[in-house]
Amino acid sequence: MNIIVIDDNMKETEPLLVHLRITFNDANIILKTNAQEGLKYILDNLNSKMIVLLDYDLGAGQTGTEVFLKIREKTSLLYVIIITAKLINTIPVNELVEYINKDALAIVDRTISLGDKIELVRKAMHELDVRVDCVLEQWINKHTEEEQNEPYLTTAAGETHTLKSILTEIRQQTELGKSLERKILMLAVDLLTRGKKQIND
C-alpha cells in the first residue's frame, strides 16, 4: 500500500506524515513536494494500491485539480483526498463539480484534526481492501510472473488478455474492464447464493 502526499509546503517532519507512519506502519508513506514528480510517481505505479492526499494549492498558480484530472485520465480506481486551506465556497464551482463527478473521496479543510485525516485514510484503505480490482490484484500476485504474463482469456472479439492486462482494464475502467468487473461480482454473488457455508482462504 502506498500513501502519497503531494504538498509543496510540507516537510518530512510534519505531524501528518509522522502520524501516517505510526498508524499505517506497513504502508509506504511518500511525500512529493513537486506536483509533477508526484503525478509521475502515481502514473508509474498505477498497478499498486494507492491513496493520494493532494494539496489544493500547489504554488506557482497550479492547483490540485489539474493533478487530480490527470490522474483520472488514467484511472478512476484510486482514492484521492483533496486538502485545502481555502474556504470550500471559494473553490470554483466547475472544479467542485469535477471532484464530485470524478469521485474524489473527500475535500477537507487543512485545519481538520489529524485524527479526522487519519480516519479518512483508514476508510480509503478499507475500501481498497474490498474493491474488486484490489482483491483481483491480490489473487494475481499469488501467481508467478510468468503465469501473470501468459494469455488468460480471449474475448468474443478475439482479443487475448493476460492476468496483468485484465487488472489494467479494470483499473482504467475501460468498457472491457467494467464488463469484467461486473461479471466477477455476479460470479461472487452466484457463489454466495449457492448455499456454501465455508469459504476457503
# chains A, B, ... in the order shown; residues from 1 in each chain; ligands from 1
call {"tool": "residues_around", "arguments": {"residues": "segment 147-150 of chain A", "least_positions_apart": "4", "cutoff": "12 Å", "atoms": "only C-alpha atoms", "output": "list of chain:residue names"}}
result
A:Leu136, A:Glu137, A:Gln138, A:Trp139, A:Ile140, A:Asn141, A:Lys142, A:His143, A:Thr154, A:Thr160, A:His161, A:Thr162, A:Leu163, A:Lys164, A:Ser165, A:Ile166, A:Leu167
call {"tool": "select_by_dssp", "arguments": {"residues": "segment 17-174 of chain A", "states": "alpha helix (DSSP H)", "output": "JSON, numbers by chain"}}
result
{"A": [17, 18, 19, 20, 21, 22, 23, 35, 36, 37, 38, 39, 40, 41, 42, 43, 44, 64, 65, 66, 67, 68, 69, 70, 71, 72, 73, 74, 93, 94, 95, 96, 97, 98, 99, 100, 101, 114, 115, 116, 117, 118, 119, 120, 121, 122, 123, 124, 125, 126, 127, 128, 129, 130, 132, 133, 134, 135, 136, 137, 138, 139, 140, 145, 146, 147, 148, 149, 163, 164, 165, 166, 167, 168, 169, 170, 171]}
call {"tool": "select_by_dssp", "arguments": {"residues": "segment 43-137 of chain A", "states": "strand (DSSP E)", "output": "list of chain:residue names"}}
result
A:Met50, A:Ile51, A:Val52, A:Leu53, A:Leu54, A:Asp55, A:Tyr79, A:Val80, A:Ile81, A:Ile82, A:Ile83, A:Thr84, A:Ala106, A:Ile107, A:Val108, A:Asp109
call {"tool": "atom_distance", "arguments": {"atom1": "atom CA of Glu127 of chain A", "atom2": "atom CA of Glu12 of chain A"}}
result
26.6 Å
call {"tool": "residues_around", "arguments": {"residues": "Tyr99 of chain A", "least_positions_apart": "4", "cutoff": "9 Å", "atoms": "only C-alpha atoms", "output": "list in words"}}
result
Thr65, Phe68, Leu69, Ile82, Asn94, Glu95, Asp103, Ala104, Leu105, Ala106 and Ile107 of chain A
call {"tool": "write_last_selection", "arguments": {"atoms": "all heavy atoms", "output": "PDB file, in the first residue's frame"}}
result
ATOM      1  N   THR A  65      -6.462  20.433  -8.612  1.00  0.00           N
ATOM      2  CA  THR A  65      -7.459  19.993  -9.593  1.00  0.00           C
ATOM      3  C   THR A  65      -6.787  19.495 -10.863  1.00  0.00           C
ATOM      4  O   THR A  65      -7.194  18.481 -11.441  1.00  0.00           O
ATOM      5  CB  THR A  65      -8.437  21.139  -9.928  1.00  0.00           C
ATOM      6  OG1 THR A  65      -8.990  21.640  -8.721  1.00  0.00           O
ATOM      7  CG2 THR A  65      -9.553  20.650 -10.844  1.00  0.00           C
ATOM      8  N   PHE A  68      -5.367  16.129 -10.145  1.00  0.00           N
ATOM      9  CA  PHE A  68      -6.488  15.202  -9.974  1.00  0.00           C
ATOM     10  C   PHE A  68      -7.042  14.762 -11.334  1.00  0.00           C
ATOM     11  O   PHE A  68      -7.276  13.566 -11.571  1.00  0.00           O
ATOM     12  CB  PHE A  68      -7.574  15.876  -9.139  1.00  0.00           C
ATOM     13  CG  PHE A  68      -8.847  15.086  -9.028  1.00  0.00           C
ATOM     14  CD1 PHE A  68      -8.902  13.948  -8.235  1.00  0.00           C
ATOM     15  CD2 PHE A  68      -9.993  15.482  -9.692  1.00  0.00           C
ATOM     16  CE1 PHE A  68     -10.078  13.210  -8.124  1.00  0.00           C
ATOM     17  CE2 PHE A  68     -11.172  14.761  -9.586  1.00  0.00           C
ATOM     18  CZ  PHE A  68     -11.215  13.617  -8.801  1.00  0.00           C
ATOM     19  N   LEU A  69      -7.261  15.708 -12.237  1.00  0.00           N
ATOM     20  CA  LEU A  69      -7.835  15.372 -13.549  1.00  0.00           C
ATOM     21  C   LEU A  69      -6.877  14.522 -14.375  1.00  0.00           C
ATOM     22  O   LEU A  69      -7.303  13.629 -15.118  1.00  0.00           O
ATOM     23  CB  LEU A  69      -8.223  16.649 -14.302  1.00  0.00           C
ATOM     24  CG  LEU A  69      -9.394  17.424 -13.689  1.00  0.00           C
ATOM     25  CD1 LEU A  69      -9.640  18.724 -14.448  1.00  0.00           C
ATOM     26  CD2 LEU A  69     -10.659  16.575 -13.651  1.00  0.00           C
ATOM     27  N   ILE A  82      -8.613  15.560  -1.258  1.00  0.00           N
ATOM     28  CA  ILE A  82      -8.152  16.927  -1.519  1.00  0.00           C
ATOM     29  C   ILE A  82      -8.112  17.665  -0.185  1.00  0.00           C
ATOM     30  O   ILE A  82      -9.100  17.695   0.563  1.00  0.00           O
ATOM     31  CB  ILE A  82      -9.113  17.670  -2.476  1.00  0.00           C
ATOM     32  CG1 ILE A  82      -9.393  16.845  -3.747  1.00  0.00           C
ATOM     33  CG2 ILE A  82      -8.581  19.066  -2.802  1.00  0.00           C
ATOM     34  CD1 ILE A  82      -8.226  16.640  -4.645  1.00  0.00           C
ATOM     35  N   ASN A  94     -16.905  24.877 -11.000  1.00  0.00           N
ATOM     36  CA  ASN A  94     -16.579  23.858 -12.017  1.00  0.00           C
ATOM     37  C   ASN A  94     -15.561  22.850 -11.481  1.00  0.00           C
ATOM     38  O   ASN A  94     -15.603  21.670 -11.835  1.00  0.00           O
ATOM     39  CB  ASN A  94     -16.081  24.501 -13.312  1.00  0.00           C
ATOM     40  CG  ASN A  94     -14.774  25.263 -13.132  1.00  0.00           C
ATOM     41  OD1 ASN A  94     -14.632  26.070 -12.207  1.00  0.00           O
ATOM     42  ND2 ASN A  94     -13.823  25.008 -13.995  1.00  0.00           N
ATOM     43  N   GLU A  95     -14.663  23.296 -10.589  1.00  0.00           N
ATOM     44  CA  GLU A  95     -13.689  22.364 -10.007  1.00  0.00           C
ATOM     45  C   GLU A  95     -14.367  21.442  -8.998  1.00  0.00           C
ATOM     46  O   GLU A  95     -14.090  20.240  -8.956  1.00  0.00           O
ATOM     47  CB  GLU A  95     -12.546  23.137  -9.344  1.00  0.00           C
ATOM     48  CG  GLU A  95     -11.682  23.890 -10.345  1.00  0.00           C
ATOM     49  CD  GLU A  95     -10.475  24.547  -9.702  1.00  0.00           C
ATOM     50  OE1 GLU A  95      -9.892  23.953  -8.768  1.00  0.00           O
ATOM     51  OE2 GLU A  95     -10.109  25.655 -10.127  1.00  0.00           O
ATOM     52  N   ASP A 103     -15.220  11.423  -8.582  1.00  0.00           N
ATOM     53  CA  ASP A 103     -15.025  10.606  -7.381  1.00  0.00           C
ATOM     54  C   ASP A 103     -13.778  10.893  -6.563  1.00  0.00           C
ATOM     55  O   ASP A 103     -13.015   9.982  -6.245  1.00  0.00           O
ATOM     56  CB  ASP A 103     -15.046   9.113  -7.746  1.00  0.00           C
ATOM     57  CG  ASP A 103     -16.411   8.666  -8.229  1.00  0.00           C
ATOM     58  OD1 ASP A 103     -17.408   9.180  -7.709  1.00  0.00           O
ATOM     59  OD2 ASP A 103     -16.462   7.817  -9.128  1.00  0.00           O
ATOM     60  N   ALA A 104     -13.584  12.162  -6.202  1.00  0.00           N
ATOM     61  CA  ALA A 104     -12.616  12.419  -5.134  1.00  0.00           C
ATOM     62  C   ALA A 104     -13.242  11.857  -3.858  1.00  0.00           C
ATOM     63  O   ALA A 104     -14.440  11.992  -3.639  1.00  0.00           O
ATOM     64  CB  ALA A 104     -12.359  13.920  -4.985  1.00  0.00           C
ATOM     65  N   LEU A 105     -12.458  11.180  -3.044  1.00  0.00           N
ATOM     66  CA  LEU A 105     -13.010  10.574  -1.828  1.00  0.00           C
ATOM     67  C   LEU A 105     -13.520  11.643  -0.869  1.00  0.00           C
ATOM     68  O   LEU A 105     -14.555  11.493  -0.250  1.00  0.00           O
ATOM     69  CB  LEU A 105     -11.948   9.714  -1.128  1.00  0.00           C
ATOM     70  CG  LEU A 105     -12.413   9.057   0.171  1.00  0.00           C
ATOM     71  CD1 LEU A 105     -13.444   7.968  -0.121  1.00  0.00           C
ATOM     72  CD2 LEU A 105     -11.238   8.479   0.939  1.00  0.00           C
ATOM     73  N   ALA A 106     -12.766  12.769  -0.774  1.00  0.00           N
ATOM     74  CA  ALA A 106     -13.169  13.841   0.146  1.00  0.00           C
ATOM     75  C   ALA A 106     -12.445  15.126  -0.222  1.00  0.00           C
ATOM     76  O   ALA A 106     -11.372  15.105  -0.825  1.00  0.00           O
ATOM     77  CB  ALA A 106     -12.836  13.449   1.584  1.00  0.00           C
ATOM     78  N   ILE A 107     -13.066  16.242   0.148  1.00  0.00           N
ATOM     79  CA  ILE A 107     -12.429  17.556   0.078  1.00  0.00           C
ATOM     80  C   ILE A 107     -12.488  18.091   1.503  1.00  0.00           C
ATOM     81  O   ILE A 107     -13.577  18.284   2.045  1.00  0.00           O
ATOM     82  CB  ILE A 107     -13.174  18.515  -0.870  1.00  0.00           C
ATOM     83  CG1 ILE A 107     -13.364  17.885  -2.243  1.00  0.00           C
ATOM     84  CG2 ILE A 107     -12.434  19.846  -0.987  1.00  0.00           C
ATOM     85  CD1 ILE A 107     -14.350  18.621  -3.118  1.00  0.00           C
TER      86      ILE A 107
END
call {"tool": "residues_around", "arguments": {"residues": "segment 178-189 of chain A", "least_positions_apart": "6", "cutoff": "9 Å", "atoms": "only C-alpha atoms", "output": "PyMOL selection string"}}
result
chain A and resi 132-133+166+169-170+172
call {"tool": "write_last_selection", "arguments": {"atoms": "all heavy atoms", "output": "PDB file, in the first residue's frame"}}
result
ATOM      1  N   VAL A 132     -13.101  -4.839  -6.055  1.00  0.00           N
ATOM      2  CA  VAL A 132     -12.852  -5.972  -6.947  1.00  0.00           C
ATOM      3  C   VAL A 132     -11.442  -5.948  -7.505  1.00  0.00           C
ATOM      4  O   VAL A 132     -10.744  -6.958  -7.512  1.00  0.00           O
ATOM      5  CB  VAL A 132     -13.880  -5.986  -8.104  1.00  0.00           C
ATOM      6  CG1 VAL A 132     -13.472  -6.978  -9.177  1.00  0.00           C
ATOM      7  CG2 VAL A 132     -15.258  -6.334  -7.585  1.00  0.00           C
ATOM      8  N   ASP A 133     -10.980  -4.785  -7.981  1.00  0.00           N
ATOM      9  CA  ASP A 133      -9.659  -4.746  -8.615  1.00  0.00           C
ATOM     10  C   ASP A 133      -8.558  -5.057  -7.623  1.00  0.00           C
ATOM     11  O   ASP A 133      -7.556  -5.685  -7.959  1.00  0.00           O
ATOM     12  CB  ASP A 133      -9.410  -3.400  -9.303  1.00  0.00           C
ATOM     13  CG  ASP A 133      -9.307  -2.249  -8.322  1.00  0.00           C
ATOM     14  OD1 ASP A 133     -10.229  -2.111  -7.493  1.00  0.00           O
ATOM     15  OD2 ASP A 133      -8.336  -1.497  -8.384  1.00  0.00           O
ATOM     16  N   ILE A 166      -5.770  -7.768 -17.719  1.00  0.00           N
ATOM     17  CA  ILE A 166      -7.149  -7.754 -17.193  1.00  0.00           C
ATOM     18  C   ILE A 166      -7.233  -6.767 -16.034  1.00  0.00           C
ATOM     19  O   ILE A 166      -8.164  -5.956 -15.948  1.00  0.00           O
ATOM     20  CB  ILE A 166      -7.567  -9.169 -16.734  1.00  0.00           C
ATOM     21  CG1 ILE A 166      -7.765 -10.076 -17.948  1.00  0.00           C
ATOM     22  CG2 ILE A 166      -8.835  -9.111 -15.887  1.00  0.00           C
ATOM     23  CD1 ILE A 166      -7.908 -11.545 -17.605  1.00  0.00           C
ATOM     24  N   GLU A 169      -7.207  -3.232 -17.349  1.00  0.00           N
ATOM     25  CA  GLU A 169      -8.508  -2.872 -17.939  1.00  0.00           C
ATOM     26  C   GLU A 169      -9.506  -2.489 -16.850  1.00  0.00           C
ATOM     27  O   GLU A 169     -10.261  -1.524 -16.997  1.00  0.00           O
ATOM     28  CB  GLU A 169      -9.069  -4.045 -18.759  1.00  0.00           C
ATOM     29  CG  GLU A 169      -8.244  -4.435 -19.971  1.00  0.00           C
ATOM     30  CD  GLU A 169      -8.350  -3.461 -21.131  1.00  0.00           C
ATOM     31  OE1 GLU A 169      -9.359  -2.748 -21.220  1.00  0.00           O
ATOM     32  OE2 GLU A 169      -7.421  -3.412 -21.949  1.00  0.00           O
ATOM     33  N   ILE A 170      -9.505  -3.235 -15.745  1.00  0.00           N
ATOM     34  CA  ILE A 170     -10.437  -2.928 -14.652  1.00  0.00           C
ATOM     35  C   ILE A 170     -10.053  -1.620 -13.975  1.00  0.00           C
ATOM     36  O   ILE A 170     -10.889  -0.762 -13.713  1.00  0.00           O
ATOM     37  CB  ILE A 170     -10.492  -4.087 -13.635  1.00  0.00           C
ATOM     38  CG1 ILE A 170     -11.185  -5.301 -14.273  1.00  0.00           C
ATOM     39  CG2 ILE A 170     -11.222  -3.680 -12.364  1.00  0.00           C
ATOM     40  CD1 ILE A 170     -11.191  -6.550 -13.424  1.00  0.00           C
ATOM     41  N   GLN A 172      -8.483   0.924 -15.197  1.00  0.00           N
ATOM     42  CA  GLN A 172      -8.713   2.087 -16.064  1.00  0.00           C
ATOM     43  C   GLN A 172     -10.179   2.216 -16.465  1.00  0.00           C
ATOM     44  O   GLN A 172     -10.550   3.140 -17.176  1.00  0.00           O
ATOM     45  CB  GLN A 172      -7.804   2.023 -17.288  1.00  0.00           C
ATOM     46  CG  GLN A 172      -6.335   2.151 -16.915  1.00  0.00           C
ATOM     47  CD  GLN A 172      -5.406   2.218 -18.108  1.00  0.00           C
ATOM     48  OE1 GLN A 172      -5.818   2.065 -19.238  1.00  0.00           O
ATOM     49  NE2 GLN A 172      -4.143   2.454 -17.844  1.00  0.00           N
TER      50      GLN A 172
END
call {"tool": "residues_around", "arguments": {"residues": "Asp109 of chain A", "least_positions_apart": "6", "cutoff": "9 Å", "atoms": "only C-alpha atoms", "output": "list in words"}}
result
Ile82, Ile83, Thr84, Ala85, Lys86, Leu87 and Ile88 of chain A
call {"tool": "closest_residue", "arguments": {"among": "A:Asn25, A:Thr174, A:Asn34, A:Thr75", "to": "Ala60 of chain A", "atoms": "only C-alpha atoms"}}
result
A:Asn34
call {"tool": "residues_around", "arguments": {"residues": "Ile29 of chain A", "least_positions_apart": "6", "cutoff": "12 Å", "atoms": "only C-alpha atoms", "output": "ChimeraX atom specification"}}
result
/A:1-6,12,16-23,50-53,121
call {"tool": "write_last_selection", "arguments": {"atoms": "N, CA, C and O atoms", "output": "mmCIF file, in the first residue's frame"}}
result
data_model
loop_
_atom_site.group_PDB
_atom_site.id
_atom_site.type_symbol
_atom_site.label_atom_id
_atom_site.label_comp_id
_atom_site.auth_asym_id
_atom_site.auth_seq_id
_atom_site.Cartn_x
_atom_site.Cartn_y
_atom_site.Cartn_z
ATOM 1 N N MET A 1 0.841 -1.188 0.000
ATOM 2 C CA MET A 1 0.000 0.000 0.000
ATOM 3 C C MET A 1 0.881 1.244 0.000
ATOM 4 O O MET A 1 1.789 1.365 0.809
ATOM 5 N N ASN A 2 0.609 2.164 -0.925
ATOM 6 C CA ASN A 2 1.316 3.440 -0.979
ATOM 7 C C ASN A 2 0.370 4.566 -0.581
ATOM 8 O O ASN A 2 -0.758 4.642 -1.083
ATOM 9 N N ILE A 3 0.811 5.422 0.323
ATOM 10 C CA ILE A 3 0.069 6.648 0.645
ATOM 11 C C ILE A 3 0.941 7.805 0.177
ATOM 12 O O ILE A 3 2.034 8.021 0.706
ATOM 13 N N ILE A 4 0.477 8.507 -0.845
ATOM 14 C CA ILE A 4 1.248 9.587 -1.463
ATOM 15 C C ILE A 4 0.691 10.921 -0.989
ATOM 16 O O ILE A 4 -0.504 11.188 -1.130
ATOM 17 N N VAL A 5 1.559 11.767 -0.454
ATOM 18 C CA VAL A 5 1.170 13.119 -0.058
ATOM 19 C C VAL A 5 1.837 14.080 -1.028
ATOM 20 O O VAL A 5 3.063 14.076 -1.171
ATOM 21 N N ILE A 6 1.029 14.880 -1.727
ATOM 22 C CA ILE A 6 1.571 15.877 -2.654
ATOM 23 C C ILE A 6 1.253 17.251 -2.075
ATOM 24 O O ILE A 6 0.091 17.668 -2.033
ATOM 25 N N GLU A 12 9.169 16.413 5.781
ATOM 26 C CA GLU A 12 9.087 15.029 6.266
ATOM 27 C C GLU A 12 8.734 14.943 7.749
ATOM 28 O O GLU A 12 8.235 13.934 8.216
ATOM 29 N N LEU A 16 1.362 15.296 10.224
ATOM 30 C CA LEU A 16 0.538 14.393 9.414
ATOM 31 C C LEU A 16 1.349 13.200 8.940
ATOM 32 O O LEU A 16 0.916 12.048 9.052
ATOM 33 N N LEU A 17 2.550 13.454 8.424
ATOM 34 C CA LEU A 17 3.390 12.355 7.922
ATOM 35 C C LEU A 17 3.831 11.445 9.064
ATOM 36 O O LEU A 17 3.842 10.220 8.918
ATOM 37 N N VAL A 18 4.182 12.043 10.192
ATOM 38 C CA VAL A 18 4.601 11.248 11.352
ATOM 39 C C VAL A 18 3.460 10.334 11.787
ATOM 40 O O VAL A 18 3.658 9.133 12.015
ATOM 41 N N HIS A 19 2.241 10.879 11.895
ATOM 42 C CA HIS A 19 1.099 10.087 12.328
ATOM 43 C C HIS A 19 0.719 9.017 11.304
ATOM 44 O O HIS A 19 0.317 7.914 11.682
ATOM 45 N N LEU A 20 0.835 9.331 10.029
ATOM 46 C CA LEU A 20 0.566 8.319 8.999
ATOM 47 C C LEU A 20 1.535 7.148 9.146
ATOM 48 O O LEU A 20 1.140 5.985 9.056
ATOM 49 N N ARG A 21 2.808 7.454 9.388
ATOM 50 C CA ARG A 21 3.816 6.385 9.508
ATOM 51 C C ARG A 21 3.603 5.544 10.766
ATOM 52 O O ARG A 21 3.828 4.343 10.754
ATOM 53 N N ILE A 22 3.157 6.188 11.846
ATOM 54 C CA ILE A 22 2.903 5.450 13.084
ATOM 55 C C ILE A 22 1.651 4.577 12.933
ATOM 56 O O ILE A 22 1.637 3.408 13.310
ATOM 57 N N THR A 23 0.600 5.160 12.359
ATOM 58 C CA THR A 23 -0.692 4.468 12.277
ATOM 59 C C THR A 23 -0.682 3.361 11.239
ATOM 60 O O THR A 23 -1.238 2.283 11.456
ATOM 61 N N MET A 50 -3.089 2.549 -3.975
ATOM 62 C CA MET A 50 -2.616 3.878 -3.603
ATOM 63 C C MET A 50 -3.732 4.752 -3.063
ATOM 64 O O MET A 50 -4.858 4.685 -3.530
ATOM 65 N N ILE A 51 -3.368 5.575 -2.089
ATOM 66 C CA ILE A 51 -4.218 6.646 -1.599
ATOM 67 C C ILE A 51 -3.408 7.926 -1.760
ATOM 68 O O ILE A 51 -2.225 7.963 -1.408
ATOM 69 N N VAL A 52 -4.031 8.964 -2.306
ATOM 70 C CA VAL A 52 -3.331 10.228 -2.543
ATOM 71 C C VAL A 52 -3.956 11.319 -1.679
ATOM 72 O O VAL A 52 -5.168 11.522 -1.721
ATOM 73 N N LEU A 53 -3.119 11.996 -0.892
ATOM 74 C CA LEU A 53 -3.540 13.196 -0.172
ATOM 75 C C LEU A 53 -2.964 14.368 -0.952
ATOM 76 O O LEU A 53 -1.731 14.538 -1.017
ATOM 77 N N VAL A 121 -8.116 8.319 5.729
ATOM 78 C CA VAL A 121 -7.165 7.378 5.121
ATOM 79 C C VAL A 121 -7.554 5.947 5.473
ATOM 80 O O VAL A 121 -7.529 5.043 4.631
#
call {"tool": "closest_residue", "arguments": {"among": "A:Thr90, A:Lys74, A:Thr111, A:Thr155", "to": "Asp44 of chain A", "atoms": "only C-alpha atoms"}}
result
A:Lys74
call {"tool": "atom_distance", "arguments": {"atom1": "atom CA of Val108 of chain A", "atom2": "atom CA of Val135 of chain A"}}
result
28.3 Å
call {"tool": "atom_distance", "arguments": {"atom1": "atom CA of Arg171 of chain A", "atom2": "atom CA of Asp116 of chain A"}}
result
27.7 Å
